[in-house]
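A.B. asks: Contents are compact mmCIF, C-alpha atoms and all ligand atoms; file name input.txt:
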# COMPACT_ATOMS: atom_id res chain seq x y z
CA MET A 1409 27.82 61.82 -74.40
CA ALA A 1410 24.59 60.52 -72.86
CA LEU A 1411 21.55 59.84 -75.01
CA PRO A 1412 17.85 59.14 -74.54
CA GLU A 1413 17.12 55.52 -73.64
CA ASP A 1414 15.77 54.62 -77.11
CA ALA A 1415 18.59 56.33 -79.04
CA LEU A 1416 20.02 53.06 -80.36
CA SER A 1417 16.74 52.18 -82.09
CA THR A 1418 15.30 55.65 -82.86
CA ASP A 1419 17.54 58.53 -83.90
CA ALA A 1420 17.84 60.93 -80.98
CA THR A 1421 17.55 64.65 -81.58
CA GLU A 1422 19.37 65.68 -78.41
CA PHE A 1423 22.13 64.62 -76.05
CA ILE A 1424 23.87 65.50 -72.82
CA GLY A 1425 27.53 66.31 -73.44
CA TYR A 1426 30.53 66.41 -71.15
CA LEU A 1427 33.37 68.58 -72.41
CA GLU A 1428 36.75 68.76 -70.75
CA CYS A 1429 39.09 71.07 -72.61
CA ALA A 1430 42.71 71.99 -71.96
CA SER A 1431 42.93 75.66 -71.07
CA LYS A 1432 45.83 77.42 -69.39
CA ASP A 1433 44.60 79.84 -66.74
CA ALA A 1434 41.09 80.00 -68.20
CA ALA A 1435 42.19 81.09 -71.69
CA GLY A 1436 41.41 79.66 -75.11
CA TRP A 1437 38.45 77.80 -76.53
CA CYS A 1438 37.54 74.37 -77.81
CA GLY A 1439 35.16 73.25 -80.50
CA PHE A 1440 33.28 70.16 -81.63
CA SER A 1441 31.78 69.08 -84.89
CA LEU A 1442 28.78 66.78 -84.62
CA ALA A 1443 29.55 65.17 -88.00
CA GLY A 1444 33.37 65.14 -87.95
CA PRO A 1445 34.47 67.80 -90.45
CA MET A 1446 34.37 71.51 -89.72
CA THR A 1447 32.19 72.21 -92.75
CA ASN A 1448 28.48 71.44 -93.17
CA SER A 1449 28.05 70.20 -89.62
CA LEU A 1450 26.64 71.68 -86.45
CA LEU A 1451 29.54 73.11 -84.43
CA ILE A 1452 29.70 73.72 -80.70
CA THR A 1453 32.24 76.26 -79.47
CA ALA A 1454 32.96 76.65 -75.73
CA TRP A 1455 35.25 78.93 -73.72
CA PRO A 1456 35.71 80.02 -70.12
CA HIS A 1457 35.45 83.62 -68.99
CA GLU A 1458 35.54 84.65 -65.36
CA ASP A 1459 33.23 82.21 -63.52
CA THR A 1460 31.26 81.15 -66.58
CA VAL A 1461 31.69 78.71 -69.45
CA TYR A 1462 30.04 80.18 -72.55
CA THR A 1463 28.94 78.34 -75.69
CA THR A 1464 27.81 79.24 -79.16
CA LEU A 1465 26.31 77.04 -81.87
CA ARG A 1466 27.87 77.68 -85.26
CA TYR A 1467 27.87 76.41 -88.85
CA ALA A 1468 30.58 76.75 -91.48
CA GLY A 1469 30.24 76.45 -95.25
CA GLY A 1470 34.05 76.76 -95.62
CA TYR A 1471 37.24 76.88 -93.58
CA ALA A 1472 36.68 80.39 -92.23
CA MET A 1473 34.95 81.96 -89.20
CA PRO A 1474 31.74 79.93 -88.79
CA ASP A 1475 28.35 81.67 -89.00
CA LEU A 1476 25.86 81.69 -86.16
CA TYR A 1477 23.78 78.52 -86.59
CA ALA A 1478 20.39 79.50 -88.01
CA GLY A 1479 18.42 76.47 -86.74
CA ASN A 1480 16.58 75.89 -83.49
CA ALA A 1481 19.22 74.02 -81.46
CA GLU A 1482 19.62 75.07 -77.85
CA ILE A 1483 22.21 74.52 -75.12
CA THR A 1484 21.36 74.59 -71.41
CA GLN A 1485 23.91 73.85 -68.74
CA ILE A 1486 23.99 71.32 -65.89
CA ARG A 1487 27.34 72.36 -64.42
CA SER A 1488 30.68 73.87 -65.33
CA SER A 1489 34.07 74.19 -63.69
CA GLN A 1490 37.50 75.69 -64.30
CA ASN A 1491 40.99 75.25 -62.93
CA SER A 1492 44.49 76.29 -64.03
CA THR A 1493 44.75 73.56 -66.70
CA HIS A 1494 41.21 72.77 -67.90
CA PHE A 1495 37.62 73.86 -68.06
CA SER A 1496 34.67 71.55 -68.21
CA LEU A 1497 31.00 71.75 -69.04
CA VAL A 1498 28.10 69.32 -68.73
CA PHE A 1499 25.26 70.48 -70.94
CA ARG A 1500 22.09 69.47 -72.69
CA CYS A 1501 22.00 70.11 -76.42
CA LYS A 1502 18.41 70.07 -77.70
CA ASN A 1503 17.74 69.66 -81.43
CA CYS A 1504 21.47 69.24 -81.98
CA LEU A 1505 21.65 65.86 -83.74
CA GLN A 1506 19.72 66.96 -86.82
CA TRP A 1507 20.49 70.32 -88.33
CA ASP A 1508 19.17 72.75 -90.90
CA HIS A 1509 21.23 75.85 -91.54
CA ASN A 1510 19.31 77.90 -94.08
CA GLY A 1511 18.49 74.75 -96.05
CA SER A 1512 21.83 72.98 -95.56
CA THR A 1513 20.79 69.86 -93.67
CA GLY A 1514 22.47 66.93 -91.99
CA GLN A 1515 22.28 64.58 -89.07
CA ALA A 1516 24.27 62.56 -86.58
CA SER A 1517 22.32 59.30 -86.52
CA THR A 1518 22.40 57.53 -83.16
CA SER A 1519 20.49 54.41 -84.29
CA GLY A 1520 23.60 53.24 -86.15
CA GLY A 1521 25.37 52.92 -82.81
CA PHE A 1522 28.32 54.97 -84.02
CA LEU A 1523 29.10 58.68 -84.40
CA VAL A 1524 31.92 60.47 -86.16
CA LEU A 1525 32.91 63.59 -84.24
CA GLY A 1526 35.53 66.32 -84.65
CA TRP A 1527 37.43 68.40 -82.10
CA VAL A 1528 39.69 71.43 -82.09
CA GLN A 1529 41.42 73.48 -79.42
CA ALA A 1530 42.82 77.01 -79.50
CA PHE A 1531 45.14 78.96 -77.20
CA PRO A 1532 43.83 82.54 -77.70
CA SER A 1533 40.52 83.43 -76.09
CA PRO A 1534 37.61 84.58 -78.27
CA GLY A 1535 37.09 88.30 -78.71
CA ASN A 1536 33.82 89.63 -77.19
CA PRO A 1537 33.78 86.65 -74.78
CA THR A 1538 30.61 87.64 -72.94
CA CYS A 1539 28.56 87.93 -76.17
CA PRO A 1540 28.36 84.42 -77.67
CA ASP A 1541 26.57 85.69 -80.79
CA GLN A 1542 29.35 88.19 -81.46
CA ILE A 1543 32.58 86.40 -80.62
CA THR A 1544 35.58 86.69 -82.88
CA LEU A 1545 37.97 83.74 -83.29
CA GLU A 1546 41.35 83.12 -84.76
CA GLN A 1547 41.95 79.81 -86.48
CA HIS A 1548 42.42 77.05 -83.88
CA ASP A 1549 46.08 76.44 -83.11
CA ASN A 1550 46.22 73.73 -80.45
CA GLY A 1551 45.34 70.53 -82.23
CA MET A 1552 42.38 69.01 -84.03
CA GLY A 1553 41.08 65.59 -84.89
CA ILE A 1554 38.23 63.40 -86.06
CA TRP A 1555 37.31 60.27 -84.15
CA GLY A 1556 34.66 57.59 -84.03
CA ALA A 1557 32.52 57.07 -80.94
CA VAL A 1558 30.75 53.77 -80.33
CA LEU A 1559 27.37 54.27 -78.68
CA ASP A 1560 26.47 51.42 -76.38
CA GLU A 1561 23.80 50.87 -73.74
CA ASN A 1562 25.80 52.99 -71.29
CA ALA A 1563 25.38 56.02 -73.56
CA ALA A 1564 21.68 55.42 -74.28
CA ASN A 1565 20.65 55.59 -70.68
CA PRO A 1566 17.36 55.10 -68.79
CA SER A 1567 18.36 58.01 -66.54
CA TYR A 1568 18.54 60.43 -69.48
CA SER A 1569 15.30 62.28 -68.71
CA ALA A 1570 16.26 62.78 -65.06
CA TRP A 1571 19.69 64.07 -66.05
CA ALA A 1572 18.25 66.34 -68.77
CA ALA A 1573 15.88 67.88 -66.22
CA GLN A 1574 18.94 69.22 -64.39
CA ALA A 1575 19.93 71.40 -67.36
CA THR A 1576 18.30 74.54 -66.05
CA LYS A 1577 20.98 77.17 -66.62
CA THR A 1578 20.92 79.27 -69.77
CA VAL A 1579 24.06 81.27 -70.53
CA THR A 1580 23.63 83.82 -73.30
C1 LIG A 1601 39.81 72.21 -89.49
C2 LIG A 1601 39.98 77.03 -90.21
C3 LIG A 1601 36.93 77.72 -86.51
C4 LIG A 1601 36.30 72.91 -86.19
C5 LIG A 1601 40.11 73.46 -90.00
C6 LIG A 1601 41.04 73.70 -91.10
C7 LIG A 1601 41.08 75.04 -91.30
C8 LIG A 1601 40.20 75.67 -90.34
C9 LIG A 1601 41.90 75.80 -92.37
C10 LIG A 1601 41.78 72.61 -91.86
C11 LIG A 1601 43.16 72.53 -91.30
C12 LIG A 1601 43.98 71.39 -91.85
O1 LIG A 1601 43.44 70.45 -92.45
O2 LIG A 1601 45.21 71.44 -91.65
C13 LIG A 1601 39.21 77.64 -89.23
C14 LIG A 1601 39.08 79.08 -89.04
C15 LIG A 1601 38.23 79.26 -87.98
C16 LIG A 1601 37.82 77.95 -87.53
C17 LIG A 1601 39.79 80.13 -89.88
C18 LIG A 1601 37.73 80.54 -87.32
C19 LIG A 1601 38.23 81.75 -87.56
C20 LIG A 1601 36.45 76.47 -86.14
C21 LIG A 1601 35.44 76.23 -85.13
C22 LIG A 1601 35.27 74.88 -85.04
C23 LIG A 1601 36.17 74.27 -85.99
C24 LIG A 1601 34.73 77.34 -84.34
C25 LIG A 1601 34.33 74.06 -84.16
C26 LIG A 1601 33.53 74.56 -83.23
C27 LIG A 1601 37.21 72.31 -87.02
C28 LIG A 1601 37.42 70.87 -87.10
C29 LIG A 1601 38.44 70.67 -88.03
C30 LIG A 1601 38.83 71.98 -88.52
C31 LIG A 1601 36.66 69.80 -86.29
C32 LIG A 1601 39.06 69.31 -88.41
C33 LIG A 1601 38.22 68.59 -89.42
C34 LIG A 1601 38.31 69.18 -90.79
O3 LIG A 1601 39.44 69.32 -91.34
O4 LIG A 1601 37.26 69.54 -91.34
N1 LIG A 1601 39.63 74.67 -89.57
N2 LIG A 1601 38.44 77.00 -88.31
N3 LIG A 1601 36.86 75.26 -86.65
N4 LIG A 1601 38.09 72.94 -87.89
FE1 LIG A 1601 38.24 74.96 -88.11
Here is the file; what I need is its structure written in the form of structure tokens.
Ligand code: HEM

C.D. replies:
Amino acid sequence: MALPEDALSTDATEFIGYLECASKDAAGWCGFSLAGPMTNSLLITAWPHEDTVYTTLRYAGGYAMPDLYAGNAEITQIRSSQNSTHFSLVFRCKNCLQWDHNGSTGQASTSGGFLVLGWVQAFPSPGNPTCPDQITLEQHDNGMGIWGAVLDENAANPSYSAWAAQATKTVT
């Protein structure tokens, strides 16, 4: 994760993320929680399909198929790649570190210098893979975890604006 230069003193609202997810022959999906747990946190889901890595922003009130996130967060892509064992995505996530899903609010505060994040992976690919708003998922079946990420001066980077300007690709 890269963050705006002042993110360690002022809570950032956006970040640049680098995902690398295990994926056999471009199948499956991975997901991230920006607060740690699956519930009541902004969720990013990503999966490869043909030459594209798709994403959808989701929110879950319980341990069931997450809803489409109702807030104004937005993902634009810098680059993506796929091979027989992994897919990867470098992306800008605007308005992703503070969330409001129909009045359910939360935040991942960068000024504390520490984030709690969650991850999951799944073997089956999403249904409707070319329509991010309409994908169907089965419960993830290839591992999950919650971890803590220390944010240091390498993450909050003076080059952030220049990197963010490269996020010109919108995949919908
Ligand atoms: C954990 C169900 C989709 C992120 C869990 C657990 C269940 C569940 C039952 C708890 C498992 C345990 O403690 O043993 C589902 C179902 C889904 C779904 C039925 C869709 C049909 C997603 C998605 C994401 C996600 C799309 C993220 C993009 C997580 C995370 C955890 C988790 C980070 C671990 C942290 C926690 O226990 O809260 N999920 N999930 N899930 N899920 Fe999901």

A.B. asks: Tell me, as a PyMOL selection string, which residues lie within 9 Å of A:His1509, counting only C-alpha atoms; anything in the same chain fewer than 6 positions away does not count.

C.D. replies: chain A and resi 1448+1450+1467+1477-1479

A.B. asks: Please dump the current selection as a CSV table (one decimal), in the coordinates of the input; keep C-alpha atoms.

C.D. replies:
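Final output, saved to again36.csv:
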chain,number,residue,atom,x,y,z
A,1448,ASN,CA,28.5,71.4,-93.2
A,1450,LEU,CA,26.6,71.7,-86.4
A,1467,TYR,CA,27.9,76.4,-88.8
A,1477,TYR,CA,23.8,78.5,-86.6
A,1478,ALA,CA,20.4,79.5,-88.0
A,1479,GLY,CA,18.4,76.5,-86.7

A.B. asks: My list of candidates is A:Ser1533, A:Thr1464, A:Thr1421, A:Gln1515. Which is closest to ligand LIG 1601 (chain A) when distances are computed with all atoms listed in the file?

C.D. replies: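 Answer, going by the shortest atom-to-atom distance: A:Thr1464.
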
A.B. asks: Write out as a ChimeraX atom specification each polymer residue (protein, DNA or RNA) that has an atom no more than 8 Å from ligand LIG 1601 (chain A), with all atoms listed in the file counted.

C.D. replies: /A:1438-1441,1444-1447,1451-1454,1465-1466,1468,1471-1474,1525-1528,1544-1548,1552-1554

A.B. asks: Please, what distance in Å, to one decimal, runs between atom CA of A:Ser1492 and atom CA of A:Ala1435?

C.D. replies: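 A separation of 9.3 Å between them.
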
A.B. asks: Quick one, how far is atom CA of A:Tyr1568 from atom CA of A:Lys1502?

C.D. replies: 12.7 Å

A.B. asks: When you draw a straight line from atom CA of A:Ser1517 to atom CA of A:Asp1541, how long is it in Å?

C.D. replies: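 Value for the atom CA of A:Ser1517-atom CA of A:Asp1541 distance: 27.3 Å.
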
A.B. asks: Between A:Ala1575, A:Ala1564, A:Cys1501, A:Ala1557, which is the closest to A:Ala1443 once you count all atoms listed in the file?

C.D. replies: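 Smallest separation from A:Ala1443 among the options: A:Ala1557.
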
A.B. asks: Set the distance at 12 Å and use all atoms listed in the file: which residues neighbour A:Ala1573 once local chain neighbours fewer than 6 positions away are removed? I'd like the list as a PyMOL selection string.

C.D. replies: chain A and resi 1424+1484-1486+1499-1500+1502+1567

A.B. asks: When distances are computed from all atoms listed in the file, which of A:Trp1571, A:Tyr1462, A:Phe1531, A:Phe1522 shows the smallest separation from A:Asn1550?

C.D. replies: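 Smallest distance to A:Asn1550 is found for A:Phe1531.
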
A.B. asks: With distances taken over all atoms listed in the file, which of A:Gly1521, A:Pro1532, A:Pro1537, A:Gly1469 is nearest to A:Leu1411?

C.D. replies: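 For A:Leu1411, the nearest of the given residues is A:Gly1521.
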